[in-house]
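Here the structure comes first, spelled out in structure tokens, and everything after it is commentary.
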Number of protein chains: 4
Amino acid sequence: MKNNLQIPLRGIIPPLATPLLDNDTLDLEGLEKLIEHVIAGGVHGIFILGSTGEFSGLSTKLKHQLIENTCKIVKQRVPVLVGISDCSFTESINLAKKAADSGADAVVTVPPFYFSASQVELLSYLKNLAKQLPLPLFLYNIPMHTKVEFAPDTVKAAAEIPGIIGIKDTSFNATYLKKIQYLLKDRNDFTFLLGPEEYLPDFILTGGHGGVTGGANMFPKLYVGLYRAAVERDFEKIRILQEKVLQINATLYTVGHYGSSYMKGVKTSLSVMGICSDILAEPFERFKTPERNKIQQALEALNYKDLL
Amino acid sequence: MKNNLQIPLRGIIPPLATPLLDNDTLDLEGLEKLIEHVIAGGVHGIFILGSTGEFSGLSTKLKHQLIENTCKIVKQRVPVLVGISDCSFTESINLAKKAADSGADAVVTVPPFYFSASQVELLSYLKNLAKQLPLPLFLYNIPMHTKVEFAPDTVKAAAEIPGIIGIKDTSFNATYLKKIQYLLKDRNDFTFLLGPEEYLPDFILTGGHGGVTGGANMFPKLYVGLYRAAVERDFEKIRILQEKVLQINATLYTVGHYGSSYMKGVKTSLSVMGICSDILAEPFERFKTPERNKIQQALEALNYKDLL
Amino acid sequence: MKNNLQIPLRGIIPPLATPLLDNDTLDLEGLEKLIEHVIAGGVHGIFILGSTGEFSGLSTKLKHQLIENTCKIVKQRVPVLVGISDCSFTESINLAKKAADSGADAVVTVPPFYFSASQVELLSYLKNLAKQLPLPLFLYNIPMHTKVEFAPDTVKAAAEIPGIIGIKDTSFNATYLKKIQYLLKDRNDFTFLLGPEEYLPDFILTGGHGGVTGGANMFPKLYVGLYRAAVERDFEKIRILQEKVLQINATLYTVGHYGSSYMKGVKTSLSVMGICSDILAEPFERFKTPERNKIQQALEALNYKDLL
Amino acid sequence: MKNNLQIPLRGIIPPLATPLLDNDTLDLEGLEKLIEHVIAGGVHGIFILGSTGEFSGLSTKLKHQLIENTCKIVKQRVPVLVGISDCSFTESINLAKKAADSGADAVVTVPPFYFSASQVELLSYLKNLAKQLPLPLFLYNIPMHTKVEFAPDTVKAAAEIPGIIGIKDTSFNATYLKKIQYLLKDRNDFTFLLGPEEYLPDFILTGGHGGVTGGANMFPKLYVGLYRAAVERDFEKIRILQEKVLQINATLYTVGHYGSSYMKGVKTSLSVMGICSDILAEPFERFKTPERNKIQQALEALNYKDLL
């Protein structure tokens with residue numbers, strides 16, 4: 001394992017948006033700007049090829065370029081986590097090898113998401129996978145996209161497998177992580193990370209380690225500040241910053257009321273802020289002018305320049 | 001409105017189990033014992049005819065007996081909230097009238113749960129309902145049973161309707177109440193109550209008012225203590241008591257892995273503790289000896305007598 | 001058992017709409033007109049208090065009036081089936097007694113639809129229920145409203161319980177009835193009825209007994225004709241009439257794109273046709289003028305007078 | 001377009017299982033045997049890289065080998081359809097190019113299945129995809145795996161896009177294809193194919209073109225016979241053969257009650273029959289001896305040798 005990764009992993013690890021020039025071309029300049037932006041904002045790690053990073057829409061070739069270039073730009077200033085989620089075991093292993101060769105610190109996977117496996121099958125899959133992985137593995141629970149979850153008992157069993165070191169949960173079910181925290185209450189070395197931003201401080205206050213919060217692409221300082229306020233139990237600061245995060249969720253992630261509104265909101269905001277383009281991978285298209293204007297207005301209502 | 005009800009309603013309000021002698025006979029003695037047990041434990045209110053109270057399985061006649069007798073036994077020592085959930089508008093109104101006549105303080109309803117209504121239809125329904133209700137109304141969001149939720153924007157609009165004073169959420173989605181808290185951030189008079197016990201302190205620490213926690217049937221002192229620890233930001237106490245609650249959830253509510261394991265666990269625990277019988281309304285049957293033994297062992301592992 | 005009910009029950013049994021003057025007042029004149037309309041159209045039975053009959057939204061008092069009056073009007077010209085679906089066992093029994101006292105021929109129930117029961121619990125529930133029922137029972141499978149289904153193996157076991165004589169399926173899953181037909185292939189006395197109108201002839205052609213088709217409220221002759229064409233394997237007639245049914249589904253049941261569009265379409269059509277009013281029970285409201293106009297146009301496009 | 005593909009495509013097109021030597025090695029000998037087996041059984045086409053073909057679990061390299069070798073073995077005796085389903089647009093195009101280069105006749109795709117797209121986005125996606133495809137495209141509707149469906153109105157609009165020539169439906173919802181058949185009633189050139197085997201003859205009797213039936217891997221003659229019986233309206237033959245198909249479904253596809261029981265049942269049956277090995281791609285493992293024995297017994301109970 002790399003020394004760069006502390007156990008447990010704590011803090012804000014943005015699920016990095018993937019800057020694109022077109023459906024199959026990486027925006028290298030945008031990628032560099034975005035990485036420098038979040039590192040300057042104090043993030044504790046970077047997670048590429050997650051849902052926010054549109055991993056599922058990207059070609060294998062583009063994924064390899066992204067892994068290589070991210071590691072080059074980050075230069076080990078913070079840990080780099082790489083999503084290797086793929087319905088094909090072999091393709092997941094291939095991505096993990098590329099991540100290790102490029103100098104990444106850990107990999108992350110959701111369950112195979114086309115043909116749902118049973119919990120018994122998932123555990124066996126994780127055993128087989130971990131055995132062949134060159135880097136430590138975080139589980140990534142996101143049943144809204146994968147249909148199947150890593151059940152709490154499966155996570156408890158998976159935590160015994162060498163190389164599996166933590167979980168990121170985006171189930172939106174607040175009892176899920178609580179159940180796992182209880183089952184693993186004697187395991188100080190297992191990392192609990194939260195996806196949904198809205199209850200980040202609640203989670204940190206009662207034993208959570210960190211957040212993989214999409215909004216940290218745009219506002220790393222805000223999310224890092226909220227994380228620290230929770231660690232320091234500064235309730236007045238929590239109140240003020242959590243309200244900002246709720247405003248971001250209510251106004252930047254809901255334009256158009258698509259399922260993809262969140263992802264479009266993140267990329268359009270980054271574009272309005274001059275960080276990278278708003279182009280999305282298929283099957284999604286960038287916002288047209290009226291929606292983009294709404295994002296611009298929502299950013300202004302947030303006084304977003306104060307958040308940078 | 002009754003003076004007995006403070007705005008917002010704060011604290012632990014157990015969703016009272018309904019003690020039964022058989023499928024259609026109220027266990028009056030058990031009811032009295034259970035009510036005295038929870039009031040002695042310091043609860044801040046009592047909610048009858050909720051999901052834990054098996055409202056849906058009870059006949060109208062039995063519901064009326066329960067409302068009348070509960071109010072008589074409680075004698076206004078704490079507020080009494082009465083579930084009027086029914087797919088029929090008229091039957092809901094009838095239950096609310098019985099509640100008002102018996103001296104209850106508020107009523108509570110889920111959305112009609114057979115034929116799902118749209119959000120527009122739900123809002124119109126709430127307007128028509130509130131107009132005819134003799135008591136203030138709490139919304140009860142529990143999509144696992146009702147399929148449809150009260151969407152955050154619907155709750156925001158409903159909060160403008162005279163007589164609608166709060167919401168109890170059992171969606172298990174921690175972002176749900178956060179969204180509503182944000183939408184109603186200027187409404188200090190609207191009550192936010194949480195169903196799932198596992199993250200009660202997390203919720204209280206960041207602005208929640210209280211919990212409608214099933215485990216408070218058995219262990220009112222534990223849940224009241226956890227609530228107070230959260231209000232007082234006593235993190236060491238929160239840690240210890242929340243772990244107890246997680247143990248209760250992991251061991252008392254999961255025997256048999258039925259959907260009804262929770263309800264059976266509550267009633268069997270109450271029976272083992274000598275408070276009331278373990279009989280359930282159809283279509284559910286009480287645990288047989290092996291399952292009952294597991295509950296007994298789980299209670300002993302909890303050192304449950306120390307929790308009383 | 002009544003002689004009026006043939007085994008298996010074959011043909012078109014409309015799930016009768018419930019004519020209302022307001023949310024809690026039966027439209028007796030409309031009820032009589034509607035019953036005479038469908039009997040004149042040749043239907044093979046009448047099913048009241050189904051989903052199309054808005055059973056869940058009606059008060060107990062109104063349900064009793066409906067049962068009594070329907071039986072009086074029908075005067076045993078066709079079998080009357082009465083829905084006794086209720087989450088409360090006792091209320092289901094009460095409705096069944098009223099049905100028997102009024103001269104109905106059979107009762108029909110969905111699974112308890114609030115707190116989902118397991119298949120083991122459902123089977124036990126059916127055993128307990130059938131024991132106390134004064135009339136034979138049809139199962140009614142409609143998971144879109146009840147969440148839980150009667151699994152094929154449960155139906156097979158239920159078919160052994162004295163008094164359980166058939167099933168009506170509205171799962172929209174065409175493999176469901178096929179599986180049950182296979183499991184009960186030696187039981188010529190068990191009735192298979194289909195809810196969704198779109199594949200009525202397909203079902204009749206390969207062994208189905210009949211349809212509980214909502215459109216037969218408006219167009220009993222059309223559905224009876226389609227049923228007969230399927231029995232007689234008149235493929236040209238099937239093609240023409242099935243296309244009409246598909247047009248009804250595409251144009252009368254989809255106005256407004258609500259979940260309730262179907263029910264509103266049925267009642268508005270009946271109102272435009274002068275049979276009964278378009279008032280619905282809460283939480284649903286009748287169509288406003290623009291939607292009503294669309295129904296009127298759709299009826300004209302169907303040349304609906306030719307279908308009567 | 002290739003002359004090999006008749007419009008509409010009619011008959012039995014088995015979704016070919018992918019014979020494997022291990023998780024990432026194609027069983028070439030098994031592939032040849034399987035293809036000769038189904039062609040000898042009279043099938044009207046072959047569909048590789050469908051759900052039954054475990055497309056999602058296979059590496060890109062193995063997919064390319066499978067496409068190339070299948071086309072070589074088939075030698076245009078029947079049309080070859082190639083699944084290009086992938087969440088990445090670019091990878092779908094790459095597979096389609098490989099299919100065209102190898103001499104396949106058409107390609108097939110499900111919607112992107114990780115991040116669900118709206119219907120508007122799906123239609124735009126199909127337009128962009130069809131523009132770049134070197135072969136005609138069938139839509140593949142299977143919401144149990146993809147969450148999102150191609151809604152009937154989307155299919156109607158897609159049918160206007162040059163190159164989109166048909167749909168295969170595995171929604172299990174029998175009203176789905178009926179709605180689309182109605183919407184496209186004037187389009188004799190659009191192909192309707194059914195996945196679920198249980199109601200294959202019902203579908204053919206009322207206007208369907210064919211079946212993509214998994215059981216035709218083992219018993220091509222049976223499914224071809226059932227298809228022909230339906231085309232010829234030979235009801236006695238339909239009854240006998242449909243019962244066999246229902247027995248196959250009830251006994252070969254349900255061992256172990258996993259979600260993957262179907263796929264394991266198909267491969268184990270092929271292995272027992274000596275056609276290819278029973279190895280599955282990750283995350284699935286082949287049956288152990290007790291389950292394999294059940295398959296063997298079920299095959300014997302079917303008198304399967306008579307079906308060959």
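Residue names in the structure tokens use chain letters A, B, ... in the order shown, residue numbers from 1 in each chain, and ligand numbers from 1 in the order shown.
Here is the contact set of chain B against chain C, at 6 Å and counting only C-alpha atoms: Ser56, Gly57, Leu58, Ser59, Cys87, Ser88, Thr90, Glu91, Tyr114, Phe115, Tyr125, His145 and Pro283 of chain B.
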With only C-alpha atoms as the counted atoms, please give the residues lying no more than 12 Å from Lys185 in chain C, apart from itself and same-chain residues fewer than 6 positions off, as a ChimeraX atom specification.
/C:156,159,177-179,191-192,207-208 /D:239-240,242-243,246-247
Onto chain C, please fit chain D by least squares using all C-alpha atoms in order, then return the transformed chain as a short mmCIF file (atom, residue, chain, number, x, y, z; two decimals) with C-alpha atoms, in the first residue's frame.
```cif
data_model
loop_
_atom_site.label_atom_id
_atom_site.label_comp_id
_atom_site.auth_asym_id
_atom_site.auth_seq_id
_atom_site.Cartn_x
_atom_site.Cartn_y
_atom_site.Cartn_z
CA MET D 1 -72.64 -21.67 -2.53
CA LYS D 2 -75.08 -19.97 -4.84
CA ASN D 3 -76.25 -21.70 -7.98
CA ASN D 4 -75.82 -18.46 -9.85
CA LEU D 5 -72.03 -18.92 -10.08
CA GLN D 6 -70.74 -21.30 -12.72
CA ILE D 7 -67.36 -22.95 -12.23
CA PRO D 8 -65.08 -21.82 -13.75
CA LEU D 9 -66.50 -18.33 -14.15
CA ARG D 10 -66.17 -17.31 -17.81
CA GLY D 11 -66.65 -14.12 -19.76
CA ILE D 12 -66.61 -10.38 -19.17
CA ILE D 13 -67.16 -9.20 -15.61
CA PRO D 14 -66.84 -5.41 -15.50
CA PRO D 15 -65.24 -3.92 -12.39
CA LEU D 16 -68.12 -1.53 -11.87
CA ALA D 17 -67.42 2.16 -11.38
CA THR D 18 -69.16 3.50 -8.27
CA PRO D 19 -71.50 6.37 -9.25
CA LEU D 20 -71.30 9.17 -6.66
CA LEU D 21 -73.19 12.36 -5.95
CA ASP D 22 -70.43 13.56 -3.69
CA ASN D 23 -67.51 12.09 -1.78
CA ASP D 24 -69.78 10.13 0.53
CA THR D 25 -73.12 9.86 -1.29
CA LEU D 26 -74.06 7.07 -3.65
CA ASP D 27 -75.70 8.04 -6.96
CA LEU D 28 -78.48 5.48 -6.91
CA GLU D 29 -79.99 6.51 -10.20
CA GLY D 30 -76.58 6.37 -11.89
CA LEU D 31 -75.93 2.97 -10.35
CA GLU D 32 -79.15 1.58 -11.78
CA LYS D 33 -78.46 3.03 -15.22
CA LEU D 34 -74.91 1.67 -15.23
CA ILE D 35 -75.97 -1.81 -14.17
CA GLU D 36 -78.74 -1.94 -16.78
CA HIS D 37 -76.25 -0.67 -19.39
CA VAL D 38 -73.71 -3.43 -18.78
CA ILE D 39 -76.30 -6.20 -18.42
CA ALA D 40 -77.90 -5.07 -21.68
CA GLY D 41 -74.40 -5.31 -23.19
CA GLY D 42 -74.25 -8.99 -22.33
CA VAL D 43 -71.74 -9.10 -19.47
CA HIS D 44 -71.30 -12.38 -17.61
CA GLY D 45 -71.10 -10.92 -14.11
CA ILE D 46 -70.59 -7.72 -12.17
CA PHE D 47 -67.75 -6.98 -9.77
CA ILE D 48 -68.28 -4.12 -7.33
CA LEU D 49 -65.77 -2.57 -4.92
CA GLY D 50 -62.73 -3.29 -7.07
CA SER D 51 -59.99 -0.76 -7.84
CA THR D 52 -62.05 0.77 -10.64
CA GLY D 53 -64.91 0.97 -8.14
CA GLU D 54 -62.66 3.11 -5.91
CA PHE D 55 -63.24 0.74 -3.00
CA SER D 56 -60.36 2.20 -1.02
CA GLY D 57 -61.78 5.72 -1.04
CA LEU D 58 -65.30 4.80 0.09
CA SER D 59 -66.66 4.80 3.63
CA THR D 60 -67.96 1.59 5.19
CA LYS D 61 -71.47 3.01 5.23
CA LEU D 62 -71.38 3.76 1.50
CA LYS D 63 -69.93 0.31 0.74
CA HIS D 64 -72.87 -1.30 2.52
CA GLN D 65 -75.35 0.80 0.53
CA LEU D 66 -73.59 -0.11 -2.70
CA ILE D 67 -73.63 -3.84 -1.97
CA GLU D 68 -77.28 -3.84 -0.99
CA ASN D 69 -78.48 -1.77 -3.92
CA THR D 70 -76.38 -3.55 -6.52
CA CYS D 71 -77.79 -6.92 -5.51
CA LYS D 72 -81.30 -5.49 -5.54
CA ILE D 73 -80.90 -4.04 -9.02
CA VAL D 74 -79.14 -7.06 -10.51
CA LYS D 75 -81.74 -9.46 -9.15
CA GLN D 76 -79.52 -12.47 -9.87
CA ARG D 77 -79.56 -11.90 -13.63
CA VAL D 78 -75.76 -12.29 -13.50
CA PRO D 79 -73.42 -13.25 -10.64
CA VAL D 80 -72.39 -10.39 -8.35
CA LEU D 81 -68.82 -10.40 -7.00
CA VAL D 82 -68.08 -8.08 -4.09
CA GLY D 83 -64.67 -6.71 -3.19
CA ILE D 84 -63.93 -7.08 0.51
CA SER D 85 -60.36 -5.81 0.30
CA ASP D 86 -59.35 -4.12 3.51
CA CYS D 87 -56.17 -4.10 5.57
CA SER D 88 -58.30 -5.15 8.55
CA PHE D 89 -59.34 -8.81 8.65
CA THR D 90 -62.42 -7.94 10.70
CA GLU D 91 -63.60 -5.29 8.26
CA SER D 92 -63.18 -7.76 5.37
CA ILE D 93 -65.33 -10.30 7.19
CA ASN D 94 -67.94 -7.62 7.91
CA LEU D 95 -68.14 -6.72 4.22
CA ALA D 96 -68.42 -10.37 3.25
CA LYS D 97 -71.32 -10.86 5.67
CA LYS D 98 -73.07 -7.86 4.16
CA ALA D 99 -72.48 -9.33 0.69
CA ALA D 100 -73.92 -12.69 1.68
CA ASP D 101 -76.90 -11.11 3.40
CA SER D 102 -77.58 -9.04 0.29
CA GLY D 103 -77.51 -12.04 -2.02
CA ALA D 104 -74.13 -11.64 -3.70
CA ASP D 105 -72.43 -14.69 -5.20
CA ALA D 106 -68.76 -14.39 -4.31
CA VAL D 107 -66.23 -12.10 -2.70
CA VAL D 108 -62.82 -10.88 -3.90
CA THR D 109 -59.80 -9.68 -1.97
CA VAL D 110 -56.35 -8.22 -2.53
CA PRO D 111 -53.61 -8.87 0.07
CA PRO D 112 -53.48 -6.47 3.03
CA PHE D 113 -51.85 -3.49 1.37
CA TYR D 114 -50.28 -1.30 4.02
CA PHE D 115 -47.82 -3.43 5.97
CA SER D 116 -46.62 -6.06 3.47
CA ALA D 117 -46.90 -9.65 4.59
CA SER D 118 -44.58 -12.47 3.56
CA GLN D 119 -45.94 -15.30 1.42
CA VAL D 120 -46.09 -17.61 4.44
CA GLU D 121 -48.09 -15.00 6.32
CA LEU D 122 -50.37 -14.39 3.33
CA LEU D 123 -51.19 -18.07 3.02
CA SER D 124 -51.99 -18.33 6.72
CA TYR D 125 -54.11 -15.18 6.41
CA LEU D 126 -56.06 -16.71 3.51
CA LYS D 127 -56.68 -19.88 5.50
CA ASN D 128 -58.03 -17.92 8.46
CA LEU D 129 -60.11 -15.69 6.21
CA ALA D 130 -61.64 -18.43 4.07
CA LYS D 131 -62.71 -20.27 7.23
CA GLN D 132 -64.92 -17.34 8.28
CA LEU D 133 -66.25 -16.28 4.88
CA PRO D 134 -69.88 -16.98 4.03
CA LEU D 135 -69.17 -16.86 0.26
CA PRO D 136 -66.55 -18.29 -2.11
CA LEU D 137 -63.43 -16.14 -2.58
CA PHE D 138 -61.48 -14.95 -5.59
CA LEU D 139 -57.90 -13.75 -5.06
CA TYR D 140 -57.11 -10.41 -6.63
CA ASN D 141 -53.47 -9.82 -7.59
CA ILE D 142 -52.57 -6.19 -8.22
CA PRO D 143 -49.05 -5.45 -6.96
CA MET D 144 -48.98 -1.94 -8.42
CA HIS D 145 -51.36 -0.98 -5.62
CA THR D 146 -50.62 -3.60 -2.93
CA LYS D 147 -46.81 -3.84 -3.35
CA VAL D 148 -46.91 -7.54 -2.46
CA GLU D 149 -48.20 -10.17 -4.87
CA PHE D 150 -49.81 -13.53 -4.30
CA ALA D 151 -46.80 -15.52 -5.52
CA PRO D 152 -47.63 -18.41 -7.91
CA ASP D 153 -46.74 -21.03 -5.27
CA THR D 154 -49.00 -19.25 -2.78
CA VAL D 155 -51.86 -19.35 -5.28
CA LYS D 156 -51.25 -23.06 -5.84
CA ALA D 157 -51.44 -23.67 -2.10
CA ALA D 158 -54.45 -21.34 -1.73
CA ALA D 159 -56.28 -23.28 -4.41
CA GLU D 160 -56.35 -26.20 -1.94
CA ILE D 161 -58.21 -24.14 0.65
CA PRO D 162 -61.96 -24.83 0.57
CA GLY D 163 -63.81 -21.79 -0.71
CA ILE D 164 -60.99 -20.23 -2.74
CA ILE D 165 -62.14 -20.64 -6.31
CA GLY D 166 -60.16 -18.38 -8.63
CA ILE D 167 -57.86 -15.46 -9.26
CA LYS D 168 -58.06 -12.14 -11.00
CA ASP D 169 -54.68 -10.82 -12.08
CA THR D 170 -53.78 -7.21 -12.76
CA SER D 171 -50.03 -7.57 -12.47
CA PHE D 172 -49.53 -6.69 -16.16
CA ASN D 173 -46.97 -9.51 -16.10
CA ALA D 174 -48.12 -11.99 -18.70
CA THR D 175 -45.91 -14.74 -17.32
CA TYR D 176 -47.69 -14.59 -13.95
CA LEU D 177 -50.94 -16.23 -15.02
CA LYS D 178 -49.07 -18.64 -17.29
CA LYS D 179 -47.07 -19.89 -14.32
CA ILE D 180 -50.23 -20.36 -12.27
CA GLN D 181 -52.07 -22.01 -15.16
CA TYR D 182 -49.15 -24.46 -15.36
CA LEU D 183 -49.10 -25.11 -11.61
CA LEU D 184 -52.88 -25.71 -11.58
CA LYS D 185 -53.11 -27.48 -14.94
CA ASP D 186 -55.12 -30.30 -13.38
CA ARG D 187 -57.64 -27.98 -11.72
CA ASN D 188 -60.50 -27.36 -14.14
CA ASP D 189 -62.52 -25.76 -11.34
CA PHE D 190 -60.18 -22.84 -10.69
CA THR D 191 -61.00 -19.60 -12.49
CA PHE D 192 -58.38 -17.38 -14.21
CA LEU D 193 -59.48 -13.81 -14.92
CA LEU D 194 -57.43 -11.01 -16.44
CA GLY D 195 -57.50 -7.32 -15.59
CA PRO D 196 -55.45 -5.55 -18.31
CA GLU D 197 -57.64 -5.23 -21.38
CA GLU D 198 -54.88 -4.94 -23.96
CA TYR D 199 -54.13 -8.64 -24.16
CA LEU D 200 -57.55 -10.06 -23.35
CA PRO D 201 -57.88 -12.13 -26.57
CA ASP D 202 -54.29 -13.42 -26.31
CA PHE D 203 -55.17 -14.72 -22.84
CA ILE D 204 -58.50 -16.27 -23.84
CA LEU D 205 -56.92 -17.98 -26.87
CA THR D 206 -54.52 -19.94 -24.67
CA GLY D 207 -56.70 -21.02 -21.80
CA GLY D 208 -57.92 -17.97 -19.89
CA HIS D 209 -61.50 -17.81 -18.66
CA GLY D 210 -62.38 -14.14 -18.80
CA GLY D 211 -61.66 -10.51 -18.26
CA VAL D 212 -62.42 -8.01 -15.53
CA THR D 213 -62.05 -5.15 -17.97
CA GLY D 214 -62.70 -1.56 -16.92
CA GLY D 215 -63.70 -0.48 -20.42
CA ALA D 216 -66.70 -2.77 -20.21
CA ASN D 217 -68.31 -0.13 -18.00
CA MET D 218 -68.69 2.04 -21.10
CA PHE D 219 -68.65 -0.54 -23.90
CA PRO D 220 -69.89 -3.88 -22.60
CA LYS D 221 -70.80 -5.07 -26.12
CA LEU D 222 -67.31 -4.41 -27.44
CA TYR D 223 -65.60 -6.40 -24.71
CA VAL D 224 -68.17 -9.20 -24.78
CA GLY D 225 -67.70 -9.30 -28.56
CA LEU D 226 -63.94 -9.47 -28.24
CA TYR D 227 -64.23 -12.23 -25.65
CA ARG D 228 -66.52 -14.23 -27.94
CA ALA D 229 -64.31 -13.67 -30.96
CA ALA D 230 -61.43 -15.14 -28.96
CA VAL D 231 -63.50 -18.10 -27.78
CA GLU D 232 -64.54 -18.69 -31.40
CA ARG D 233 -60.98 -18.07 -32.73
CA ASP D 234 -62.31 -15.52 -35.19
CA PHE D 235 -58.99 -13.82 -35.90
CA GLU D 236 -60.27 -11.12 -38.21
CA LYS D 237 -62.80 -10.01 -35.62
CA ILE D 238 -60.17 -10.20 -32.88
CA ARG D 239 -57.91 -7.91 -34.90
CA ILE D 240 -60.58 -5.26 -35.42
CA LEU D 241 -61.97 -5.29 -31.87
CA GLN D 242 -58.58 -5.50 -30.15
CA GLU D 243 -57.51 -2.40 -32.07
CA LYS D 244 -60.58 -0.59 -30.71
CA VAL D 245 -59.66 -1.63 -27.18
CA LEU D 246 -56.09 -0.40 -27.72
CA GLN D 247 -57.48 2.90 -28.97
CA ILE D 248 -59.64 3.18 -25.83
CA ASN D 249 -56.59 2.56 -23.70
CA ALA D 250 -54.45 5.04 -25.62
CA THR D 251 -57.00 7.85 -25.70
CA LEU D 252 -59.48 7.52 -22.81
CA TYR D 253 -57.15 6.34 -20.02
CA THR D 254 -54.19 8.67 -20.49
CA VAL D 255 -55.56 12.21 -20.30
CA GLY D 256 -53.51 14.29 -17.91
CA HIS D 257 -50.90 11.58 -17.39
CA TYR D 258 -51.87 11.11 -13.75
CA GLY D 259 -51.78 7.75 -12.03
CA SER D 260 -55.52 8.33 -11.72
CA SER D 261 -56.03 9.06 -15.45
CA TYR D 262 -57.55 5.63 -15.97
CA MET D 263 -60.18 6.03 -13.27
CA LYS D 264 -60.95 9.60 -14.29
CA GLY D 265 -61.19 8.50 -17.92
CA VAL D 266 -63.73 5.82 -17.08
CA LYS D 267 -65.93 8.12 -15.01
CA THR D 268 -65.71 11.05 -17.41
CA SER D 269 -66.63 8.79 -20.32
CA LEU D 270 -69.64 7.47 -18.40
CA SER D 271 -70.65 11.05 -17.68
CA VAL D 272 -70.28 12.17 -21.31
CA MET D 273 -72.35 9.14 -22.30
CA GLY D 274 -75.08 10.23 -19.87
CA ILE D 275 -74.88 7.18 -17.62
CA CYS D 276 -73.70 8.63 -14.32
CA SER D 277 -71.80 11.59 -12.91
CA ASP D 278 -68.03 12.00 -13.11
CA ILE D 279 -67.53 12.67 -9.40
CA LEU D 280 -64.70 10.71 -7.80
CA ALA D 281 -64.05 9.91 -4.18
CA GLU D 282 -61.19 11.71 -2.43
CA PRO D 283 -58.25 12.11 -2.98
CA PHE D 284 -59.25 12.43 -6.63
CA GLU D 285 -61.13 15.23 -8.34
CA ARG D 286 -63.05 15.06 -11.56
CA PHE D 287 -61.55 16.43 -14.76
CA LYS D 288 -61.89 20.12 -15.49
CA THR D 289 -63.30 21.28 -18.82
CA PRO D 290 -60.15 20.96 -20.99
CA GLU D 291 -59.57 17.35 -19.94
CA ARG D 292 -63.26 16.55 -20.24
CA ASN D 293 -63.18 17.94 -23.77
CA LYS D 294 -60.30 15.63 -24.63
CA ILE D 295 -62.34 12.67 -23.42
CA GLN D 296 -65.29 13.83 -25.49
CA GLN D 297 -63.10 14.12 -28.60
CA ALA D 298 -61.57 10.71 -27.95
CA LEU D 299 -65.04 9.21 -27.65
CA GLU D 300 -66.04 10.77 -30.94
CA ALA D 301 -62.86 9.53 -32.63
CA LEU D 302 -63.90 6.07 -31.46
CA ASN D 303 -67.36 6.50 -33.06
CA TYR D 304 -68.46 5.34 -29.69
CA LYS D 305 -72.13 5.23 -30.48
CA ASP D 306 -71.43 2.36 -32.87
CA LEU D 307 -69.88 0.47 -29.96
CA LEU D 308 -72.98 0.59 -27.81
#
```
Could you pull out the strand (DSSP E or B) residues of range 49-172 of chain B from DSSP and send them as a ChimeraX atom specification?
/B:80-83,106-109,137-141,164-169
Extract the full set of alpha helix (DSSP H) residues from range 24-128 of chain B according to DSSP on the backbone, and format it as a PyMOL selection string.
chain B and resi 28-40+60-74+89-102+119-128
